[in-house]
Each structure stands twice: as structure tokens, then as C-alpha cells.
Amino acid sequence: MQEYFNLLWTDYTLRTITLGTAVLGAICGMLGSFAVLRKESLLGDAISHAALPGIALAFLITGAKDSGTLLLGALVSGLIGTFWIRGITSKTHLKSDTALGLILSIFFGFGMLLLTFIQKQPNANQAGLDKYLFGQAATLVESDVKLMIIVIGISLFVMLLFWKEFKILLFDADYTKTLGFNTKFIDVLITFLIVLAIVLGLQTVGVVLMSAILLAPAAASRQWTNNLGTMVLLSALIGAFSGVFGTAISASQNNLSTGPVIVLVAGAFVLFSFIFSPKRGLLFREIRFRKNRTDLKLMKTLQFMYGIAQDHENISHPHAIRILNNFQGYTRDSLKKLEHEGWISIDGQQWAMTPKGYKQAQEMYNQQKK
Amino acid sequence: MENQSLAVQIDDLTVAYNYKPVLWDIDLSVPEGVLMAIVGPNGAGKSTLIKAILGIIKPIAGTISIFGKPYAKQRKLVAYVPQKGSVDWDFPTTALDVVMMGTYGSLGWIKRPGQKEKKIALESMEKVGMLPYKNRQISQLSGGQQQRVFLARALAQDASIYFMDEPFQGVDATTEIAIINILKELRKAGKTVVVVHHDLQTVPEYFDWVTFLNVKKIATGPVKDIFNDDNLTKTYGINYKVAVNK
């Protein structure tokens with residue numbers, strides 16, 4: 001790894017690839033947030049698969065193999081796929097998951113058919129199209145990276161310009177319509193940017209894994225923040241970091257395929273976030289859950305004691321611990337905790353309520369009566 | 001009555017999702033300044049009627065006008081409170097931010113909300129008693145509080161007509177009282193309020209105008225004149241008493 005970072009300063013190719021995957025991760029993370037919040041996570045998967053026949057057709061028609069031409073083909077067929085999905089969902093009774101599945105497999109099937117057809121062609125120029133299936137970061141050249149930087153610039157500009165419109169549409173589309181906004185326009189704009197991001201990533205990550213790089217950073221960043229702006233920014237950072245880190249691992253480990261490594265790094269972010277995020281993470285949720293249960297048990301015990309103490313003139317009259325046997329849920333531990341809080345005092349086999357504990361229980365009792 | 005101007009006028013409105021009409025040939029006039037309930041059984045088209053008026057759903061036939069002009073020209077006079085369940089409350093934003101959305105319509109495209117919009121939003125939150133929760137993440141609010149946030153968002157629109165889709169659904173008693181007080185205040189200020197309502201028992205207490213709807217319009221008019229067994233039976237069928245006592 002150390003070696004990789006040294007190389008980064010000297011090796012031009014590696015620098016290009018690293019910059020490319022970083023920018024790609026950032027675009028995808030940024031726009032992926034919108035896909036996740038719109039609950040259209042699977043749309044990304046459908047779009048990337050739908051882009052494949054476009055790549056093959058662009059090659060068949062122009063004979064060119066430069067990524068610009070092929071990605072333009074991918075963009076067109078990705079957009080067609082997207083609007084067909086929208087069309088199927090709105091014009092028929094089919095649900096969106098069915099529409100997504102249909103378009104995904106039909107377009108992908110057609111794309112594979114074209115690829116095998118191209119491979120059977122006699123001219124030698126056909127090799128290399130299959131890199132779009134799983135991606136090959138090593139083929140990134142300076143012009144590709146420049147294109148990515150232009151696209152991220154445009155996306156950023158559009159996003160900042162229409163931030164308010166994006167936000168309200170994502171939260172409440174019907175309401176947005178009643179305010180007089182052209183929701184169709186905003187919708188097409190968001191979708192177009194998402195398609196653009198996906199198409200850009202095909203060369204690096206490939207058709208099959210593309211949706212992961214779109215969704216993973218967003219899913220991870222959602223765990224850490226409740227603010228849309230922060231979520232988008234964090235998601236872009238996670239995406240960029242996954243790109244750089246993934247490239248570093250793949251370059252330093254016998255050239256492991258870069259796309260899958262990037263996806264796995266992003267996946268690690270998701271896993272870490274799901275477990276360790278303070279507010280939404282599983283770990284802290286479990287801890288809070290347990291603590292609440294223990295607190296409740298403690299309060300129940302205190303209230304039971306309150307019931308007994310009430311019957312005596314002196315509230316701090318000592319009672320045998322044995323009495324508590326009638327009450328399910330007390331333990332030696334909970335007694336110690338109650339004593340620690342200063343609510344009871346324990347003397348050998350006897351306990352007595354302190355005035356402080358009595359007051360606490362009384363307040364609780366009144367609260368419940370409300 | 002004759003010289004009272006009409007807030008909403010609907011002629012021959014028909015709406016269908018597929019083949020079956022949801023609303024059939026509705027004629028309805030809502031006078032300015034009334035607090036009107038739309039009542040009817042499930043599937044009667046109550047929400048659809050509001051959505052058609054607001055242009056969310058395209059009708060098959062019919063004309064709708066707000067103060068004599070088409071809705072598209074009168075948007076700034078109209079505010080909307082959708083059903084609480086229609087949005088994802090886990091969306092990453094705060095209560096104040098949602099209320100601010102009420103000012104987006106008058107802002108128009110691209111322009112960002114500023115101090116003026118924030119002030120409007122805060123005042124609206126104050127009116128519904130949600131000011132202490134302004135920075136709360138919306139998923140951390142109770143159902144009643146979420147409903148009040150929606151109400152505040154509509155208040156921030158500062159409209160003349162308010163359409164509300166079941167604002168009392170699933171809210172606690174405190175919120176119900178808070179909402180009805182605001183509705184009555186709106187009426188006092190001369191606003192028109194149209195509410196899709198489920199609880200028949202509270203109709204005479206809360207509203208002064210009522211529309212009975214069950215795909216067709218059954219009746220519309222002052223509560224004291226038309227809220228009777230005859231219309232309830234026509235709307236809900238012979239078992240309407242079950243609906244009343246629910």
C-alpha cells in the first residue's frame with residue numbers, strides 16, 4: 001500500500017486511474033443519494049443493464065471504439081430503458097419492480113446477444129467491448145477523467161441551482177405540484193443526472209456492479225446524518241474514498257480487478273455504518289434498548305417498594321428483602337443500583353426507602369395518573 | 001346567499017382511475033368563508049375530489065374554478081394539507097425545513113428561502129404550537145406533531161382557501177383541539193376551509209357547512225339544515241349509524 005502511494009506521485013497512469021475512480025465515486029455518491037431517497041434504488045441497476053445494447057450498437061454503427069462514442073450509445077439506450085420503465089409503470093397495471101425487472105433483463109439480454117454477435121465478426125477490432133460488463137479501470141485515460149470532471153461540475157451546478165426544487169420533490173411530490181412547480185421537469189432532470197452518472201461508471205465498474213457504487217455510499221451516509229445536504233456531501237466523500245481506496249488495493253495486490261474492489265470497499269462502509277452509526281446503527285440501538293429495559297425494571301422495583309412504604313407512617317421504615325420475592329423482576333443488581341441512586345438504603349437483609357427515593361416514586365406515580 | 005361569492009365552483013366533474021368512475025358528474029359550490037367538511041364512506045372519492053381541484057389528478061371531464069378563475073391562475077390563493085401518510089417521515093430534514101416548503105410556491109423557481117421566509121415559517125409553527133420542536137428531525141415527531149407540521153406548512157402559504165385531507169386522522173386529543181381552533185381562527189379571518197373528515201359525530205360541533213359525497217354528490221349546504229338522517233342514510237346506506245358510532 002505504501003508502495004502504491006509512492007507510485008501515485010510518479011506513475012502518470014496510476015494517477016489518472018485514481019483521480020478517475022475518485023471523481024466517479026463522488027458523482028455516484030452524490031446522485032445516488034437522490035435515488036435512495038426516492039426509493040428507486042433498483043432503477044440504477046436497471047439503467048446500467050439497459051445501457052449495454054447501446055454500447056454494442058454504437059460500436060456496430062460507427063465502428064469506433066473510443067469510450068466517448070460508446071458511452072453516448074450507452075446514454076441513449078439507458079435513457080430509453082428508463083423512460084420505458086416509467087411508461088410501463090404509469091400506463092399498465094404492472095408494478096415498478098416488475099417493470100424494472102423486465103427492462104433490465106430484456107435490454108441486458110439484447111446487449112449480450114449483440115456482444116456475442118460482435119465477437120463472431122471477422123475483423124480484429126472487436127476485442128475489448130466485454131470490459132463494459134465488469135469494468136476495467138486500467139483503461140481509463142486522461143480524456144475519460146476530463147469528461148468525468150465536466151459531468152460532476154455540471155451535476156453539481158444543476159443540483160445547487162435546483163436544490164430547493166429537488167428537496168421538495170423528493171419529500172412530497174403531490175404538494176410540489178400544487179405549488180405550481182413543473183414536477184415532471186424536476187423529475188426528468190434528476191433522472192437524467194442519475195443516468196449520466198451510471199453511464200460514466202460503466203467503463204470503470206461495469207454494467208453488473210454499477211448500481212452498488214451508486215447506492216452503497218448513499219446508504220452508508222444516510223446512517224450518519226439527518227440533514228439532506230450533509231447526506232449528499234458525505235455520500236460523495238464516501239464514494240470518492242471508496243474509489244481511491246479500491247484502486248489502491250487493486251493496484252497493490254497483483255492487479256485485482258478494480259471495479260469489484262471499489263464495490264467491496266463501499267460495501268464495507270455500509271456495513272460499518274449500519275452497525276456503528278450512533279443514532280440509527282444496530283449496535284447503539286441495541287444498547288439503548290437494553291438500557292431502557294433495565295431502567296424500566298428499576299423503576300418498577302422502586303414503585304413496588306413505594307407501595308409497601310406507603311403503608312407505614314415512617315417511609316424509611318426498614319423491610320426485609322424477602323418481601324420483594326413477591327415481585328417478579330428484582331435482582332441483587334437492581335437493589336445495588338437503587339442504592340447507588342440514593343433511592344433506598346440497604347442494611348444486611350433489610351432495605352428502607354430514602355426520602356429521595358420516595359419522592360422519585362411519587363413523581364412517577366403522578367405522571368402515570370395523568 | 002345569492003350575493004355571497006363562491007370560493008370554489010365545480011361543474012360536471014368526473015374522475016376515473018381505470019374504468020370505474022371515482023367521482024361522477026359532481027356539481028359543487030363552496031361559498032367563501034365557510035368551514036366545510038366533506039364526508040362519505042371509504043372509497044367515496046373524498047380525497048380524489050380535493051386532488052382533482054388541486055390539479056394533482058386530471059379529471060376526465062368538468063371544470064373547476066377558484067374565485068371564478070381556473071386553479072392554475074389562482075395557486076397563490078390555495079393551500080393544501082395532504083394526508084399525513086402520503087410522505088416518508090424518515091426523510092432527512094427538520095420540522096422547520098418542512099414548514100418552510102410552504103413558502104416555496106411564492107418564491108418560484110431557483111430562488112432560495114431567506115430570512116423573510118424563515119420568519120413566516122416560524123410564525124406558522126408558533127400558531128400550531130410546534131415552535132419548541134422546530135429543529136427536531138421529522139421522524140422524531142409524534143403523529144399529532146407531524147400533522148401540525150403539515151398544518152403549519154399550509155399556514156405558511158398564507159392562502160385564502162385551505163384544503164385538508166383528513167387532518168384529524170390518528171392524532172391525539174391535544175392536536176385535535178389545536179387543529180380545530182386554528183380552523184375556526186381561519187374562518188374568523190374570512191378564509192375558506194375544506195376538510196375531508198371521517199368522524200361524523202364531530203361534524204356539527206366543528207363545521208358550519210357540509211358536503212355528502214359517495215361517488216356522486218348527495219347533498220351540500222349548511223350543517224344545521226342538511227346534516228340529518230335522510231342524507232346520512234343516502235350517503236352511508238341503512239347502516240350509517242354504525243359509521244356514526246365508530
# chains A, B, ... in the order shown; residues from 1 in each chain; ligands from 1
call {"tool": "interface_residues", "arguments": {"of": "chain B", "to": "chain A", "cutoff": "9 Å", "atoms": "only C-alpha atoms", "output": "PyMOL selection string"}}
result
chain B and resi 51+54-56+72+75-76+78-82+86-94+98+101-102+104-106+108-113+137
call {"tool": "write_last_selection", "arguments": {"atoms": "N, CA, C and O atoms", "output": "compact mmCIF listing (two decimals), in the first residue's frame"}}
result
# COMPACT_ATOMS: atom_id res chain seq x y z
N LYS B 51 -57.93 16.31 -4.67
CA LYS B 51 -56.78 16.21 -5.59
C LYS B 51 -57.15 16.70 -6.98
O LYS B 51 -56.31 17.27 -7.68
N LEU B 54 -57.11 20.44 -6.95
CA LEU B 54 -55.75 20.98 -6.88
C LEU B 54 -54.90 20.61 -8.09
O LEU B 54 -53.72 20.94 -8.14
N GLY B 55 -55.50 19.90 -9.04
CA GLY B 55 -54.76 19.58 -10.26
C GLY B 55 -53.76 18.46 -10.12
O GLY B 55 -52.92 18.26 -10.99
N ILE B 56 -53.82 17.72 -9.01
CA ILE B 56 -52.90 16.59 -8.84
C ILE B 56 -53.36 15.43 -9.72
O ILE B 56 -52.58 14.70 -10.29
N ALA B 72 -54.95 27.02 -12.06
CA ALA B 72 -53.57 27.34 -12.44
C ALA B 72 -53.27 28.83 -12.25
O ALA B 72 -52.13 29.21 -12.00
N ARG B 75 -53.22 29.69 -7.91
CA ARG B 75 -52.45 28.84 -6.99
C ARG B 75 -52.11 29.54 -5.68
O ARG B 75 -52.16 28.94 -4.62
N LYS B 76 -51.74 30.81 -5.78
CA LYS B 76 -51.27 31.51 -4.57
C LYS B 76 -52.37 31.70 -3.55
O LYS B 76 -52.12 32.05 -2.41
N VAL B 78 -54.41 29.27 -2.74
CA VAL B 78 -54.81 27.94 -2.27
C VAL B 78 -53.68 27.25 -1.51
O VAL B 78 -52.54 27.26 -1.95
N ALA B 79 -54.03 26.67 -0.36
CA ALA B 79 -53.06 25.88 0.40
C ALA B 79 -53.58 24.46 0.59
O ALA B 79 -54.79 24.24 0.58
N TYR B 80 -52.65 23.53 0.76
CA TYR B 80 -53.03 22.12 0.77
C TYR B 80 -52.35 21.40 1.93
O TYR B 80 -51.15 21.56 2.15
N VAL B 81 -53.14 20.63 2.66
CA VAL B 81 -52.58 19.75 3.69
C VAL B 81 -52.85 18.31 3.27
O VAL B 81 -53.98 17.83 3.39
N PRO B 82 -51.86 17.61 2.73
CA PRO B 82 -52.10 16.23 2.28
C PRO B 82 -52.28 15.28 3.47
O PRO B 82 -52.04 15.68 4.62
N SER B 86 -48.97 10.24 3.34
CA SER B 86 -48.59 10.29 1.93
C SER B 86 -47.10 10.55 1.72
O SER B 86 -46.60 10.50 0.62
N VAL B 87 -46.38 10.89 2.79
CA VAL B 87 -44.94 11.12 2.63
C VAL B 87 -44.14 10.21 3.56
O VAL B 87 -44.69 9.62 4.49
N ASP B 88 -42.84 10.13 3.28
CA ASP B 88 -41.95 9.33 4.10
C ASP B 88 -41.37 10.22 5.20
O ASP B 88 -40.58 11.11 4.93
N TRP B 89 -41.79 9.99 6.43
CA TRP B 89 -41.36 10.85 7.53
C TRP B 89 -39.93 10.55 7.96
O TRP B 89 -39.40 11.20 8.86
N ASP B 90 -39.30 9.57 7.33
CA ASP B 90 -37.90 9.31 7.63
C ASP B 90 -36.99 10.15 6.73
O ASP B 90 -35.77 10.01 6.75
N PHE B 91 -37.57 11.01 5.94
CA PHE B 91 -36.78 11.88 5.06
C PHE B 91 -35.84 12.75 5.90
O PHE B 91 -36.25 13.27 6.95
N PRO B 92 -34.57 12.88 5.47
CA PRO B 92 -33.62 13.62 6.30
C PRO B 92 -33.84 15.13 6.29
O PRO B 92 -33.22 15.85 5.52
N THR B 93 -34.72 15.61 7.15
CA THR B 93 -34.94 17.04 7.24
C THR B 93 -35.60 17.39 8.58
O THR B 93 -36.04 16.51 9.30
N THR B 94 -35.66 18.68 8.89
CA THR B 94 -36.22 19.11 10.17
C THR B 94 -37.64 19.65 10.00
O THR B 94 -38.07 19.94 8.89
N VAL B 98 -39.55 21.61 6.72
CA VAL B 98 -40.78 21.20 6.07
C VAL B 98 -41.76 22.37 6.01
O VAL B 98 -42.39 22.63 4.99
N MET B 101 -41.23 24.85 3.35
CA MET B 101 -41.66 24.47 2.00
C MET B 101 -42.95 25.19 1.60
O MET B 101 -43.24 25.37 0.42
N GLY B 102 -43.72 25.60 2.61
CA GLY B 102 -44.94 26.34 2.32
C GLY B 102 -44.68 27.66 1.61
O GLY B 102 -45.56 28.20 0.94
N TYR B 104 -42.26 28.03 -0.67
CA TYR B 104 -41.59 27.78 -1.96
C TYR B 104 -42.44 28.25 -3.15
O TYR B 104 -41.90 28.71 -4.15
N GLY B 105 -43.76 28.11 -3.02
CA GLY B 105 -44.64 28.47 -4.13
C GLY B 105 -44.51 29.95 -4.48
O GLY B 105 -44.40 30.32 -5.64
N SER B 106 -44.50 30.82 -3.44
CA SER B 106 -44.40 32.25 -3.74
C SER B 106 -42.98 32.63 -4.12
O SER B 106 -42.76 33.64 -4.79
N GLY B 108 -41.06 30.76 -6.10
CA GLY B 108 -40.87 30.38 -7.50
C GLY B 108 -39.58 29.60 -7.70
O GLY B 108 -38.93 29.20 -6.74
N TRP B 109 -39.20 29.42 -8.97
CA TRP B 109 -38.04 28.60 -9.30
C TRP B 109 -36.74 29.21 -8.77
O TRP B 109 -36.58 30.42 -8.75
N ILE B 110 -35.83 28.34 -8.41
CA ILE B 110 -34.42 28.64 -8.12
C ILE B 110 -34.18 29.50 -6.89
O ILE B 110 -33.33 29.20 -6.07
N LYS B 111 -34.95 30.58 -6.70
CA LYS B 111 -34.71 31.47 -5.55
C LYS B 111 -34.75 30.69 -4.24
O LYS B 111 -35.65 29.89 -4.00
N ARG B 112 -33.78 30.96 -3.37
CA ARG B 112 -33.70 30.26 -2.10
C ARG B 112 -34.50 31.00 -1.02
O ARG B 112 -34.57 32.22 -1.04
N PRO B 113 -35.06 30.25 -0.07
CA PRO B 113 -35.74 30.92 1.04
C PRO B 113 -34.73 31.69 1.90
O PRO B 113 -33.63 31.20 2.16
N GLN B 137 -35.75 16.50 14.06
CA GLN B 137 -35.83 15.65 12.87
C GLN B 137 -37.26 15.13 12.75
O GLN B 137 -37.86 14.73 13.74
call {"tool": "select_by_dssp", "arguments": {"residues": "stretch 11-233 of chain B", "states": "helix (DSSP H, G or I)", "output": "VMD selection string"}}
result
chain B and resid 46 to 53 71 to 77 84 to 86 95 to 107 115 to 127 131 to 133 138 to 140 143 to 155 173 to 188 200 to 206 223 to 226 229 to 233
call {"tool": "residues_around", "arguments": {"residues": "B:Leu23", "least_positions_apart": "5", "cutoff": "10 Å", "atoms": "only C-alpha atoms", "output": "list in words"}}
result
Asp12, Leu13, Thr14, Val15, Ala16, Tyr17, Gly43, Ala44, Gly45, Lys46, Thr48, Leu49, Ala52, Pro59, Ile60, Leu213, Asn214, Val215, Lys216 and Lys217 of chain B
call {"tool": "residues_around", "arguments": {"residues": "A:Met148", "least_positions_apart": "3", "cutoff": "9 Å", "atoms": "only C-alpha atoms", "output": "number ranges by chain"}}
result
A: 20, 23-24, 27, 143-145, 151-153, 197, 200
call {"tool": "write_last_selection", "arguments": {"atoms": "N, CA and C atoms", "output": "PDB file, in the first residue's frame"}}
result
ATOM      1  N   GLY A  20      -9.688   9.306 -11.640  1.00  0.00           N
ATOM      2  CA  GLY A  20     -10.925   8.891 -12.302  1.00  0.00           C
ATOM      3  C   GLY A  20     -11.874   8.182 -11.356  1.00  0.00           C
ATOM      4  N   VAL A  23     -13.313  10.665  -8.728  1.00  0.00           N
ATOM      5  CA  VAL A  23     -14.361  11.551  -9.255  1.00  0.00           C
ATOM      6  C   VAL A  23     -15.636  10.753  -9.512  1.00  0.00           C
ATOM      7  N   LEU A  24     -15.463   9.567 -10.085  1.00  0.00           N
ATOM      8  CA  LEU A  24     -16.631   8.721 -10.355  1.00  0.00           C
ATOM      9  C   LEU A  24     -17.372   8.396  -9.057  1.00  0.00           C
ATOM     10  N   ILE A  27     -19.352  11.475  -7.918  1.00  0.00           N
ATOM     11  CA  ILE A  27     -20.594  11.726  -8.685  1.00  0.00           C
ATOM     12  C   ILE A  27     -21.662  10.731  -8.275  1.00  0.00           C
ATOM     13  N   SER A 143      -8.571  11.689 -21.127  1.00  0.00           N
ATOM     14  CA  SER A 143      -9.793  12.286 -21.681  1.00  0.00           C
ATOM     15  C   SER A 143     -11.038  11.772 -20.934  1.00  0.00           C
ATOM     16  N   ASP A 144     -11.015  10.494 -20.507  1.00  0.00           N
ATOM     17  CA  ASP A 144     -12.141   9.955 -19.739  1.00  0.00           C
ATOM     18  C   ASP A 144     -12.318  10.727 -18.442  1.00  0.00           C
ATOM     19  N   VAL A 145     -11.187  10.954 -17.779  1.00  0.00           N
ATOM     20  CA  VAL A 145     -11.249  11.647 -16.494  1.00  0.00           C
ATOM     21  C   VAL A 145     -11.729  13.081 -16.678  1.00  0.00           C
ATOM     22  N   VAL A 151     -18.677  16.359 -16.139  1.00  0.00           N
ATOM     23  CA  VAL A 151     -20.007  15.906 -15.727  1.00  0.00           C
ATOM     24  C   VAL A 151     -20.267  16.211 -14.253  1.00  0.00           C
ATOM     25  N   ILE A 152     -19.267  15.996 -13.406  1.00  0.00           N
ATOM     26  CA  ILE A 152     -19.506  16.273 -11.981  1.00  0.00           C
ATOM     27  C   ILE A 152     -19.712  17.771 -11.779  1.00  0.00           C
ATOM     28  N   GLY A 153     -19.004  18.576 -12.577  1.00  0.00           N
ATOM     29  CA  GLY A 153     -19.194  20.021 -12.496  1.00  0.00           C
ATOM     30  C   GLY A 153     -20.611  20.416 -12.857  1.00  0.00           C
ATOM     31  N   ALA A 197     -24.570   9.637 -14.545  1.00  0.00           N
ATOM     32  CA  ALA A 197     -23.573   9.128 -13.604  1.00  0.00           C
ATOM     33  C   ALA A 197     -23.324   7.642 -13.841  1.00  0.00           C
ATOM     34  N   LEU A 200     -21.317   6.962 -17.019  1.00  0.00           N
ATOM     35  CA  LEU A 200     -19.907   7.309 -16.837  1.00  0.00           C
ATOM     36  C   LEU A 200     -19.128   6.205 -16.133  1.00  0.00           C
TER      37      LEU A 200
END
call {"tool": "residues_around", "arguments": {"residues": "stretch 315-325 of chain A", "least_positions_apart": "3", "cutoff": "10 Å", "atoms": "only C-alpha atoms", "output": "MDAnalysis selection string"}}
result
chainID A and resid 301 304:306 308:312 328:332 335 344:355 357:358
call {"tool": "atom_distance", "arguments": {"atom1": "atom CA of A:Ile17", "atom2": "atom CA of A:Ala218"}}
result
22.7 Å
call {"tool": "closest_residue", "arguments": {"among": "A:Val158, A:Leu256, A:Ile80, A:Ala212", "to": "A:Gln136", "atoms": "only C-alpha atoms"}}
result
A:Leu256
call {"tool": "atom_distance", "arguments": {"atom1": "atom CA of A:Gly44", "atom2": "atom CA of B:Asn18"}}
result
29.7 Å
call {"tool": "residues_around", "arguments": {"residues": "stretch 57-73 of chain A", "least_positions_apart": "6", "cutoff": "8 Å", "atoms": "only C-alpha atoms", "output": "mmCIF file with N, CA, C and O atoms, in the first residue's frame"}}
result
data_model
loop_
_atom_site.group_PDB
_atom_site.id
_atom_site.type_symbol
_atom_site.label_atom_id
_atom_site.label_comp_id
_atom_site.auth_asym_id
_atom_site.auth_seq_id
_atom_site.Cartn_x
_atom_site.Cartn_y
_atom_site.Cartn_z
ATOM 1 N N ALA A 51 -28.028 -0.056 -20.499
ATOM 2 C CA ALA A 51 -27.045 0.689 -21.296
ATOM 3 C C ALA A 51 -26.228 -0.220 -22.211
ATOM 4 O O ALA A 51 -25.659 0.239 -23.200
ATOM 5 N N LEU A 114 -25.924 -8.984 -28.808
ATOM 6 C CA LEU A 114 -25.127 -8.150 -29.709
ATOM 7 C C LEU A 114 -23.636 -8.372 -29.470
ATOM 8 O O LEU A 114 -22.852 -8.425 -30.418
ATOM 9 N N ILE A 118 -20.965 -9.517 -32.162
ATOM 10 C CA ILE A 118 -19.769 -8.726 -32.499
ATOM 11 C C ILE A 118 -18.515 -9.594 -32.403
ATOM 12 O O ILE A 118 -17.616 -9.517 -33.243
ATOM 13 N N ASP A 144 -11.015 10.494 -20.507
ATOM 14 C CA ASP A 144 -12.141 9.955 -19.739
ATOM 15 C C ASP A 144 -12.318 10.727 -18.442
ATOM 16 O O ASP A 144 -13.432 11.089 -18.053
ATOM 17 N N VAL A 199 -23.827 5.852 -16.589
ATOM 18 C CA VAL A 199 -23.154 5.614 -17.860
ATOM 19 C C VAL A 199 -21.652 5.888 -17.741
ATOM 20 O O VAL A 199 -20.822 5.147 -18.257
ATOM 21 N N LEU A 200 -21.317 6.962 -17.019
ATOM 22 C CA LEU A 200 -19.907 7.309 -16.837
ATOM 23 C C LEU A 200 -19.128 6.205 -16.133
ATOM 24 O O LEU A 200 -17.944 6.015 -16.364
ATOM 25 N N GLN A 203 -17.443 2.076 -17.761
ATOM 26 C CA GLN A 203 -16.100 1.695 -18.176
ATOM 27 C C GLN A 203 -15.264 1.216 -16.983
ATOM 28 O O GLN A 203 -14.469 0.294 -17.096
#
